[in-house]
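Undergrad: This is my_file.txt (compact mmCIF, C-alpha atoms).
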# COMPACT_ATOMS: atom_id res chain seq x y z
CA MET A 19 7.14 -21.45 -3.47
CA LEU A 20 3.42 -21.56 -4.29
CA LEU A 21 2.76 -23.78 -1.26
CA LYS A 22 4.54 -21.30 1.03
CA ARG A 23 2.51 -18.42 -0.39
CA VAL A 24 -0.76 -20.30 0.12
CA LEU A 25 0.12 -21.28 3.70
CA VAL A 26 0.95 -17.68 4.60
CA VAL A 27 -2.39 -16.54 3.19
CA ILE A 28 -4.28 -19.29 5.07
CA VAL A 29 -2.69 -18.21 8.35
CA LEU A 30 -2.78 -14.42 8.00
CA LEU A 31 -5.96 -13.78 6.00
CA PRO A 32 -8.45 -14.77 8.76
CA ILE A 33 -6.56 -12.63 11.28
CA GLY A 34 -6.65 -9.65 8.93
CA VAL A 35 -10.35 -10.05 8.16
CA VAL A 36 -11.24 -10.28 11.87
CA LEU A 37 -9.26 -7.12 12.67
CA ILE A 38 -10.82 -5.26 9.73
CA LEU A 39 -14.30 -6.20 10.92
CA TYR A 40 -13.51 -5.33 14.54
CA GLY A 41 -11.90 -1.99 13.71
CA GLY A 42 -10.86 0.46 16.41
CA VAL A 43 -7.49 0.19 18.16
CA PRO A 44 -6.71 -3.40 17.07
CA TYR A 45 -7.15 -2.50 13.40
CA ALA A 46 -5.12 0.70 13.77
CA LEU A 47 -2.31 -1.20 15.49
CA MET A 48 -2.27 -3.77 12.69
CA ILE A 49 -1.96 -1.04 10.06
CA ALA A 50 0.69 0.81 12.09
CA LEU A 51 2.74 -2.38 12.46
CA ILE A 52 2.55 -3.29 8.77
CA LEU A 53 3.46 0.24 7.65
CA SER A 54 6.33 0.46 10.15
CA LEU A 55 7.79 -2.82 8.92
CA ALA A 56 7.48 -1.65 5.33
CA ALA A 57 9.13 1.67 6.24
CA TRP A 58 12.07 -0.18 7.81
CA GLU A 59 12.47 -2.30 4.68
CA TYR A 60 12.38 0.90 2.61
CA VAL A 61 15.30 2.25 4.66
CA LYS A 62 17.26 -0.99 4.22
CA LEU A 63 16.66 -0.94 0.46
CA PHE A 64 18.17 2.50 0.06
CA ARG A 65 21.05 1.68 2.38
CA ALA A 66 21.90 -1.20 0.04
CA GLY A 67 22.35 1.51 -2.61
CA ASP A 68 24.60 3.65 -0.38
CA ILE A 69 21.88 6.16 0.45
CA GLN A 70 21.42 6.81 4.16
CA PRO A 71 17.88 7.88 5.11
CA ALA A 72 17.33 8.39 8.83
CA SER A 73 15.63 5.19 9.94
CA VAL A 74 14.34 6.69 13.19
CA LEU A 75 12.65 9.57 11.35
CA VAL A 76 11.16 7.38 8.62
CA ILE A 77 9.70 4.89 11.11
CA LEU A 78 8.66 7.33 13.84
CA GLY A 79 7.30 9.73 11.22
CA THR A 80 5.24 6.89 9.76
CA LEU A 81 3.92 5.91 13.19
CA ALA A 82 3.15 9.50 14.19
CA LEU A 83 1.17 10.20 11.02
CA VAL A 84 -0.78 6.94 11.21
CA ILE A 85 -1.60 7.26 14.91
CA SER A 86 -2.56 10.91 14.57
CA ARG A 87 -4.90 10.02 11.68
CA PHE A 88 -6.58 7.46 13.91
CA LEU A 89 -6.83 9.71 16.96
CA GLY A 90 -7.76 13.00 15.36
CA ALA A 91 -8.40 12.51 11.65
CA TRP A 92 -6.67 15.52 10.06
CA ASP A 93 -6.49 17.77 13.12
CA SER A 94 -2.75 17.45 13.79
CA ALA A 95 -1.59 16.96 10.21
CA ASP A 96 -0.29 20.50 9.67
CA TRP A 97 2.09 20.70 12.62
CA LEU A 98 3.18 17.06 12.33
CA LEU A 99 4.13 17.45 8.69
CA SER A 100 5.92 20.72 9.43
CA LEU A 101 7.83 19.14 12.32
CA LEU A 102 8.77 16.16 10.16
CA VAL A 103 10.21 18.34 7.39
CA LEU A 104 12.20 20.58 9.73
CA THR A 105 13.50 17.74 11.89
CA SER A 106 14.58 15.79 8.83
CA MET A 107 16.45 18.78 7.45
CA ALA A 108 18.18 19.40 10.80
CA TYR A 109 19.19 15.74 11.09
CA HIS A 110 20.77 15.65 7.66
CA LEU A 111 22.47 19.02 8.08
CA LEU A 112 24.32 17.50 11.04
CA ALA A 113 25.10 14.41 8.98
CA PHE A 114 26.64 16.57 6.25
CA GLU A 115 28.71 18.47 8.78
CA ARG A 116 30.03 15.16 10.05
CA GLY A 117 31.21 14.17 6.60
CA ARG A 118 28.20 12.67 4.82
CA ASP A 119 28.50 14.28 1.36
CA GLN A 120 25.20 12.82 0.07
CA ALA A 121 23.16 14.20 2.98
CA GLY A 122 20.94 16.26 0.67
CA THR A 123 19.85 13.12 -1.17
CA ASP A 124 19.42 11.33 2.16
CA PHE A 125 17.12 14.13 3.32
CA GLY A 126 14.86 13.68 0.30
CA VAL A 127 14.68 9.91 0.77
CA THR A 128 13.93 10.27 4.50
CA LEU A 129 11.08 12.68 3.86
CA ALA A 130 9.70 10.64 0.97
CA GLY A 131 9.62 7.48 3.09
CA ALA A 132 7.81 9.03 6.03
CA LEU A 133 5.26 10.67 3.73
CA TYR A 134 4.73 7.59 1.56
CA PHE A 135 4.18 5.14 4.40
CA GLY A 136 2.84 7.59 6.99
CA TRP A 137 0.68 10.05 5.09
CA ILE A 138 -0.39 7.84 2.17
CA GLY A 139 -0.48 4.67 4.27
CA ALA A 140 -2.75 6.34 6.83
CA TYR A 141 -5.55 6.37 4.26
CA LEU A 142 -6.03 2.72 5.20
CA ILE A 143 -7.14 4.14 8.56
CA SER A 144 -9.31 6.82 6.95
CA LEU A 145 -10.94 4.21 4.71
CA ARG A 146 -11.93 2.08 7.70
CA GLU A 147 -13.42 5.08 9.50
CA LEU A 148 -15.88 5.88 6.71
CA PRO A 149 -19.51 4.81 7.20
CA GLU A 150 -19.61 1.06 6.50
CA GLY A 151 -15.85 1.30 6.57
CA GLN A 152 -15.22 -2.36 7.30
CA TRP A 153 -17.07 -3.35 4.15
CA TRP A 154 -15.30 -0.73 2.05
CA VAL A 155 -11.92 -2.05 3.21
CA LEU A 156 -13.07 -5.59 2.40
CA MET A 157 -13.92 -4.41 -1.10
CA VAL A 158 -10.95 -2.14 -1.84
CA LEU A 159 -8.13 -4.47 -0.77
CA PRO A 160 -9.54 -7.59 -2.46
CA ALA A 161 -9.93 -5.50 -5.62
CA VAL A 162 -6.12 -5.26 -5.67
CA TRP A 163 -5.73 -9.00 -5.16
CA LEU A 164 -8.29 -9.80 -7.85
CA ALA A 165 -6.60 -7.52 -10.38
CA ASP A 166 -3.13 -8.84 -9.50
CA SER A 167 -4.25 -12.45 -9.76
CA GLY A 168 -6.00 -11.84 -13.06
CA ALA A 169 -2.94 -10.09 -14.45
CA TYR A 170 -0.64 -12.89 -13.28
CA PHE A 171 -2.57 -15.83 -14.69
CA ILE A 172 -3.71 -14.17 -17.92
CA GLY A 173 -0.23 -12.74 -18.43
CA ARG A 174 1.34 -16.18 -18.03
CA ALA A 175 -1.10 -17.69 -20.50
CA PHE A 176 -1.27 -14.98 -23.15
CA GLY A 177 1.37 -12.35 -22.39
CA LYS A 178 3.50 -11.37 -25.38
CA HIS A 179 3.95 -7.60 -25.24
CA LYS A 180 6.08 -6.38 -22.35
CA MET A 181 4.51 -3.61 -20.33
CA SER A 182 7.58 -2.30 -18.52
CA PRO A 183 10.75 -4.09 -19.66
CA ARG A 184 13.13 -2.24 -17.33
CA LEU A 185 11.04 -2.21 -14.17
CA SER A 186 9.21 -5.55 -14.37
CA PRO A 187 10.10 -7.67 -17.42
CA LYS A 188 7.49 -10.34 -16.62
CA LYS A 189 4.53 -7.94 -16.78
CA SER A 190 2.69 -7.79 -20.09
CA TRP A 191 -0.01 -5.59 -21.56
CA GLU A 192 -2.17 -8.68 -22.04
CA GLY A 193 -1.85 -9.45 -18.33
CA TYR A 194 -2.57 -5.85 -17.41
CA LEU A 195 -5.76 -5.74 -19.47
CA GLY A 196 -6.77 -9.13 -18.10
CA GLY A 197 -6.25 -7.80 -14.59
CA VAL A 198 -8.50 -4.84 -15.37
CA LEU A 199 -11.24 -7.15 -16.63
CA VAL A 200 -10.98 -9.46 -13.62
CA GLY A 201 -10.84 -6.43 -11.32
CA ILE A 202 -14.08 -5.04 -12.71
CA LEU A 203 -16.04 -8.29 -12.72
CA GLY A 204 -14.59 -9.68 -9.51
CA THR A 205 -15.10 -6.52 -7.48
CA ALA A 206 -18.66 -6.14 -8.78
CA LEU A 207 -19.43 -9.68 -7.67
CA LEU A 208 -17.73 -9.07 -4.34
CA ALA A 209 -19.81 -5.93 -3.82
CA LEU A 210 -22.94 -7.94 -4.59
CA LEU A 211 -21.92 -10.48 -1.93
CA LEU A 212 -21.11 -7.77 0.62
CA SER A 213 -24.42 -6.02 -0.04
CA THR A 214 -26.27 -9.15 1.08
CA TRP A 215 -24.56 -8.80 4.47
CA THR A 216 -24.90 -5.04 4.83
CA GLY A 217 -28.64 -5.17 4.10
CA PRO A 218 -31.08 -2.75 2.43
CA GLY A 219 -29.97 0.86 2.15
CA SER A 220 -26.29 0.00 1.95
CA ASP A 221 -24.08 2.27 -0.15
CA ILE A 222 -22.17 -0.75 -1.41
CA THR A 223 -23.58 -1.81 -4.78
CA PRO A 224 -22.31 -3.93 -7.69
CA LEU A 225 -22.07 -0.83 -9.90
CA ARG A 226 -19.88 0.96 -7.39
CA GLY A 227 -17.89 -2.22 -7.03
CA ALA A 228 -17.30 -2.33 -10.77
CA VAL A 229 -16.17 1.31 -10.80
CA MET A 230 -13.87 0.66 -7.84
CA GLY A 231 -12.45 -2.44 -9.50
CA LEU A 232 -11.85 -0.55 -12.75
CA ILE A 233 -9.97 2.37 -11.20
CA ILE A 234 -7.96 0.24 -8.80
CA ALA A 235 -6.99 -2.24 -11.51
CA LEU A 236 -5.97 0.58 -13.84
CA VAL A 237 -3.88 2.57 -11.37
CA THR A 238 -2.54 0.45 -8.50
CA PRO A 239 0.02 -1.45 -10.63
CA LEU A 240 1.99 1.79 -10.43
CA GLY A 241 2.52 1.07 -6.73
CA ASP A 242 4.12 -2.26 -7.58
CA LEU A 243 6.22 -0.68 -10.32
CA GLY A 244 7.25 2.10 -7.95
CA GLU A 245 8.72 -0.39 -5.51
CA SER A 246 10.33 -2.23 -8.43
CA MET A 247 12.00 1.03 -9.42
CA ILE A 248 13.63 1.30 -5.99
CA LYS A 249 14.69 -2.36 -5.95
CA ARG A 250 16.13 -2.14 -9.48
CA GLN A 251 18.09 0.96 -8.57
CA VAL A 252 19.74 -0.68 -5.56
CA GLY A 253 19.99 -4.18 -7.08
CA VAL A 254 17.77 -6.04 -4.59
CA LYS A 255 15.16 -8.68 -5.50
CA ASP A 256 12.81 -8.44 -2.49
CA SER A 257 12.34 -5.79 0.19
CA GLY A 258 12.72 -8.47 2.87
CA ASN A 259 12.04 -12.10 3.81
CA LEU A 260 9.40 -11.56 6.47
CA LEU A 261 6.74 -13.64 4.70
CA PRO A 262 7.87 -16.95 3.15
CA GLY A 263 7.11 -16.96 -0.55
CA HIS A 264 5.90 -13.36 -0.47
CA GLY A 265 9.00 -11.34 0.36
CA GLY A 266 8.77 -8.43 2.77
CA ALA A 267 6.03 -6.19 4.11
CA PHE A 268 6.76 -3.54 1.46
CA ASP A 269 6.42 -6.20 -1.26
CA ARG A 270 2.94 -7.03 0.03
CA ILE A 271 1.57 -3.52 0.48
CA ASP A 272 3.09 -1.67 -2.47
CA SER A 273 -0.29 -1.64 -4.24
CA TRP A 274 -2.32 -1.35 -1.01
CA LEU A 275 -0.84 2.08 -0.45
CA TRP A 276 -2.28 3.31 -3.73
CA ALA A 277 -5.55 1.44 -3.25
CA GLY A 278 -6.15 2.95 0.18
CA VAL A 279 -5.93 6.57 -0.89
CA ILE A 280 -7.62 6.05 -4.27
CA GLY A 281 -10.42 3.98 -2.72
CA TYR A 282 -10.97 6.55 0.02
CA TYR A 283 -11.43 9.48 -2.36
CA LEU A 284 -13.51 7.49 -4.82
CA ILE A 285 -15.91 6.60 -2.01
CA VAL A 286 -16.00 10.14 -0.65
CA TRP A 287 -16.62 11.68 -4.07
CA LEU A 288 -19.05 9.08 -5.41
CA VAL A 289 -20.97 8.20 -2.26
CA TYR A 290 -20.56 10.68 0.58
As structure tokens - that is how I would like this structure written.

TA:
Amino acid sequence: MLLKRVLVVIVLLPIGVVLILYGGVPYALMIALILSLAAWEYVKLFRAGDIQPASVLVILGTLALVISRFLGAWDSADWLLSLLVLTSMAYHLLAFERGRDQAGTDFGVTLAGALYFGWIGAYLISLRELPEGQWWVLMVLPAVWLADSGAYFIGRAFGKHKMSPRLSPKKSWEGYLGGVLVGILGTALLALLLSTWTGPGSDITPLRGAVMGLIIALVTPLGDLGESMIKRQVGVKDSGNLLPGHGGAFDRIDSWLWAGVIGYYLIVWLVY
């Protein structure tokens, strides 16, 4: 299992880094693809629990929100969100009329999926479009990996007190605090490394890296627990089997979604 995970990282990580550095349409297409795959897995998860979100609206809503963020920032957000809500309601009204008694619940799950992956996920686009955006992305996302890795290894070695017994029995408070510590130190060191590439006058500093690592390590585990909540409810272990040893796309980006939006606003408030 560990070998499969490492091989997937060796293959996909360089591709991801190149697209992050390049930016533009290739980066936006990568994000749109990942979010769309995760949205489809979200639909399948709920269908395993006999809830029937509208797959076409979840996926197309996700794509529309992500692409519109790339093309026009926030310019089309108001009418797109309005159209998404009304179309979803109309779709599920018809489903109820045709005999689907749980259509009201389906409506809520459809809307939640499109907003979660489309609106929240699109902050990965907004983050890249900030000044020095490529470097911010290369600090924010690794901050998640550093915190997760620290939590995993320290939790395995020292974990005794369960953090969330129902949602994720293997997580411990010791691992969580270890992840926070690794997140702070690791992201500060990463920011120091990035600042040598960005040159004098860069807004990326070790102090800001430490703050970013702290907040991301403290908060983004909720993204992982949120997906665990869905999987526990429907009795499914992984969201998919797209990535050997890693599960599905949703399994990989559950914390990215939180990191993207949190990282974006931290940078905007603290720097710009």

Undergrad: Which region 228-267 of chain A residues have any atom within 12 Å of an atom of region 176-182 of chain A, and for each, what is the nearest pair of atoms with distance in Å to one decimal, counting all atoms listed in the file, rows sorted by chain and number, as CSV?

TA:
residue,atom,partner,partner_atom,distance
A:Pro239,CA,A:Met181,CA,10.9
A:Leu240,CA,A:Ser182,CA,10.7
A:Asp242,CA,A:Ser182,CA,11.5
A:Leu243,CA,A:Ser182,CA,8.5
A:Gly244,CA,A:Ser182,CA,11.5
A:Ser246,CA,A:Ser182,CA,10.5
A:Met247,CA,A:Ser182,CA,10.7

Undergrad: Just the selected residues (C-alpha atoms), exported as a CSV table (one decimal), in the coordinates of the input, please.

TA:
chain,number,residue,atom,x,y,z
A,239,PRO,CA,0.0,-1.4,-10.6
A,240,LEU,CA,2.0,1.8,-10.4
A,242,ASP,CA,4.1,-2.3,-7.6
A,243,LEU,CA,6.2,-0.7,-10.3
A,244,GLY,CA,7.2,2.1,-8.0
A,246,SER,CA,10.3,-2.2,-8.4
A,247,MET,CA,12.0,1.0,-9.4

Undergrad: Go through region 211-274 of chain A and flag each residue having an atom no more than 8 Å from region 146-159 of chain A; for those, report the closest pair of atoms plus their distance in Å to one decimal, using only C-alpha atoms, ordered by chain and rising number, as CSV.

TA:
residue,atom,partner,partner_atom,distance
A:Leu212,CA,A:Trp153,CA,7.0
A:Ile222,CA,A:Trp154,CA,7.7
A:Gly227,CA,A:Met157,CA,7.5
A:Met230,CA,A:Val158,CA,7.2
A:Gly231,CA,A:Val158,CA,7.8
A:Ile234,CA,A:Val158,CA,7.9
A:Trp274,CA,A:Leu159,CA,6.6

Undergrad: Hey, what's within 8 Å of Gly266 (chain A) if we count all atoms listed in the file and toss same-chain stuff fewer than 3 positions away? As a count of residues only, please?

TA: 10

Undergrad: Considering only C-alpha atoms, state which residue in the set A:Phe114, A:Tyr60, A:Tyr109, A:Phe171 is at the smallest distance from Ala130 (chain A).

TA: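 Smallest distance to Ala130 (chain A) is found for A:Tyr60.
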
Undergrad: Rounded to one decimal, what separation in Å do you get between CA of Ser94 (chain A) and CA of Trp137 (chain A)?

TA: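 CA of Trp137 (chain A) lies at a distance of 11.9 Å from CA of Ser94 (chain A).
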
Undergrad: Using only C-alpha atoms, which of A:Leu81, A:Ile138, A:Leu53, A:Ile69 sits nearest Gln120 (chain A)?

TA: A:Ile69

Undergrad: Tell me, as a ChimeraX atom specification, which residues lie within 9 Å of Gly196 (chain A), counting all atoms listed in the file; anything in the same chain fewer than 6 positions away does not count.

TA: /A:165,168-173

Undergrad: Could you state the separation of CA of Thr238 (chain A) and CA of Ile280 (chain A) in Å, given to one decimal place?

TA: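 Computing it gives 8.7 Å between the two atoms.
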
Undergrad: Excluding Pro224 (chain A) and residues on its chain fewer than 3 positions from it, collect all residues at most 6 Å away from it, counting all atoms listed in the file, and give them as an MDAnalysis selection string.

TA: chainID A and resid 206 209:210 227

Undergrad: For those residues, write C-alpha atoms to a file as a tab-separated table (two decimals), in the frame of the given file.

TA:
chain	number	residue	atom	x	y	z
A	206	ALA	CA	-18.66	-6.14	-8.78
A	209	ALA	CA	-19.81	-5.93	-3.82
A	210	LEU	CA	-22.94	-7.94	-4.59
A	227	GLY	CA	-17.89	-2.22	-7.03

Undergrad: I want to know what sits within 12 Å of Ser86 (chain A), based on all atoms listed in the file, with residues of the same chain fewer than 6 positions away left out; could you give that as a compact mmCIF listing (two decimals) with C-alpha atoms, in the coordinates of the input?

TA:
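Result written to out_10.txt:
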# COMPACT_ATOMS: atom_id res chain seq x y z
CA ALA A 46 -5.12 0.70 13.77
CA ALA A 50 0.69 0.81 12.09
CA LEU A 78 8.66 7.33 13.84
CA GLY A 79 7.30 9.73 11.22
CA THR A 80 5.24 6.89 9.76
CA TRP A 92 -6.67 15.52 10.06
CA ASP A 93 -6.49 17.77 13.12
CA SER A 94 -2.75 17.45 13.79
CA ALA A 95 -1.59 16.96 10.21
CA ASP A 96 -0.29 20.50 9.67
CA TRP A 97 2.09 20.70 12.62
CA LEU A 98 3.18 17.06 12.33
CA LEU A 99 4.13 17.45 8.69
CA GLY A 136 2.84 7.59 6.99
CA TRP A 137 0.68 10.05 5.09
CA ALA A 140 -2.75 6.34 6.83
CA TYR A 141 -5.55 6.37 4.26
CA ILE A 143 -7.14 4.14 8.56
CA SER A 144 -9.31 6.82 6.95

Undergrad: Rank A:Ala235, A:Val84, A:Val61, A:Ala66 by their smallest atom-to-atom distance to Leu203 (chain A), using all atoms listed in the file, and report the top residue only.

TA: A:Ala235

Undergrad: So, counting all atoms listed in the file, which residue among A:Val279, A:Asp272, A:Leu288, A:Leu75 is closest to Leu225 (chain A)?

TA: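 Among the listed residues, A:Leu288 lies closest to Leu225 (chain A).
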
Undergrad: Which of these, A:Ile33, A:Glu192, A:Asp221, A:Glu245, has the shortest distance to Val286 (chain A) once you count all atoms listed in the file?

TA: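 Comparing A:Ile33, A:Glu192, A:Asp221, A:Glu245 against Val286 (chain A), the winner is A:Asp221.
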
Undergrad: Could you work out how far CA of Leu145 (chain A) lies from CA of Leu208 (chain A), giving the answer in Å with one decimal?

TA: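 Interatomic distance here is 17.4 Å.
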
Undergrad: Kindly indicate which residue among A:Gly193, A:Ile202, A:Phe88, A:Leu63 lies nearest to Pro44 (chain A), using all atoms listed in the file for the distances.

TA: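 Closest to Pro44 (chain A) of all the choices is A:Phe88.
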
Undergrad: Box time for region 215-233 of chain A: axis-aligned, enclosing all its listed atoms, 6 Å extra on each side; report centre and edge lengths in Å to one decimal, as JSON.

TA:
{"center_x": -20.5, "center_y": -3.2, "center_z": -4.0, "size_x": 33.1, "size_y": 23.2, "size_z": 29.6}

Undergrad: Do you know which residues are at most 10 Å from Asp68 (chain A) counting all atoms listed in the file, after dropping those on the same chain fewer than 6 positions away, and could you put them as a PDB file with C-alpha atoms, in the frame of the given file?

TA:
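Printed below is selection15.pdb as written:
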ATOM      1  CA  LYS A  62      17.260  -0.990   4.220  1.00  0.00           C
ATOM      2  CA  GLN A 120      25.200  12.820   0.070  1.00  0.00           C
ATOM      3  CA  ASP A 124      19.420  11.330   2.160  1.00  0.00           C
ATOM      4  CA  VAL A 252      19.740  -0.680  -5.560  1.00  0.00           C
TER       5      VAL A 252
END
